[in-house]
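Visitor: Just passing along the structure, written as structure tokens.
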Amino acid sequence: MTKLRLIKNRFTILLLTVLMIPVTADAQAQILVLWHADGTTTDVDLNSEPKVTFTDNTLQIRSYILDMEYPAEEIVRFTFKGHGTGIDTPKDNAGYLQQDGRIVFHHVKASDNITIYRPDGIRIPVRLTFDGSNAVLPLSSLPKGAYILSVNGRTSKFIRK
């Protein structure tokens with residue numbers, strides 16, 4: 001996988017996750033910070049509900065306030081600043097549930113695609129155990145913190161406390 005494709009995949013996963021966070025009127029805005037290869041940064045106000053897309057190796061950010069476009073290879077990482085994260089625990093109707101230091105996936109097969117990422121986009125290897133029609137992911141090996149979970153393309157967030 002090329003470096004550009006890897007950056008694009010990580011950025012897409014994190015942005016999809018961020019854009020699912022409910023935005024509320026608050027004194028402090030949620031800000032997406034784009035870090036450029038030249039060391040500069042760009043702040044994007046998530047309260048403007050931007051639409052973020054990649055097209056022909058270009059990162060485009062469009063909202064009712066702004067239109068930005070950058071070559072994808074120019075963005076080396078992204079972070080967030082602002083008040084809170086809005087990260088919630090997965091609900092049972094999502095097909096999985098966080099309970100007792102583990103995540104239980106309902107009706108999951110060994111061939112299903114389950115991945116976990118750190119907030120910086122680094123993929124974490126997972127080892128599932130199977131209990132009937134459920135798969136179990138023990139969280140004891142993960143440090144405390146926020147994570148991004150993808151199950152067959154459905155992305156959500158969870159916190160290991």
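Naming works like this for the structure tokens: A, B, ... for the chains as they're shown, residue 1 at the start of each chain, ligands 1 onward in shown order.
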Using only C-alpha atoms, determine which residues lie at most 7 Å from segment 30-40 of chain A, disregarding the query and same-chain residues fewer than 3 positions distant; provide the list as a list in words.

Guide: Asp43, Val44, Asp45, Leu46, Asn47, Glu74, Ile75, Val76, Arg77, Phe78, Thr79, Phe80, Lys81, Gly82 and His83 of chain A

Visitor: Please measure the separation of atom CA of Ala110 of chain A and atom CA of Arg154 of chain A, giving the value in Å to one decimal.

Guide: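 Answer for the atom CA of Ala110 of chain A to atom CA of Arg154 of chain A separation: 16.6 Å.
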
Visitor: Between atom CA of Asn134 of chain A and atom CA of Lys161 of chain A, what is the distance in Å, rounded to a tenth?

Guide: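 For atom CA of Asn134 of chain A relative to atom CA of Lys161 of chain A, the distance reads 22.7 Å.
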
Visitor: Between A:Pro50, A:Gly145, A:Gly132, A:Gly101, which is the closest to Tyr117 of chain A once you count only C-alpha atoms?

Guide: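 Selected residue with least distance to Tyr117 of chain A: A:Gly145.
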
Visitor: Skipping near chain neighbours, those fewer than 4 positions away, what residues fall within 6 Å of Ala72 of chain A using only C-alpha atoms, listed as a list in words?

Guide: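 In the requested format, the answer is Asn57, Thr58 and Leu59 of chain A.
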
Visitor: Those selected residues, please, written with N, CA and C atoms and delivered as a compact mmCIF listing (two decimals), in the first residue's frame.

Guide:
```txt
# COMPACT_ATOMS: atom_id res chain seq x y z
N ASN A 57 -6.60 12.37 -5.36
CA ASN A 57 -5.49 12.69 -4.46
C ASN A 57 -5.56 14.10 -3.89
N THR A 58 -6.78 14.61 -3.76
CA THR A 58 -7.00 15.94 -3.20
C THR A 58 -7.95 15.82 -2.02
N LEU A 59 -7.65 16.52 -0.95
CA LEU A 59 -8.54 16.61 0.20
C LEU A 59 -9.39 17.87 0.02
```

Visitor: Out of segment 29-73 of chain A, which residues get strand (DSSP E) from DSSP, as a ChimeraX atom specification?

Guide: /A:31-36,41-45,51-55,58-62,67-71
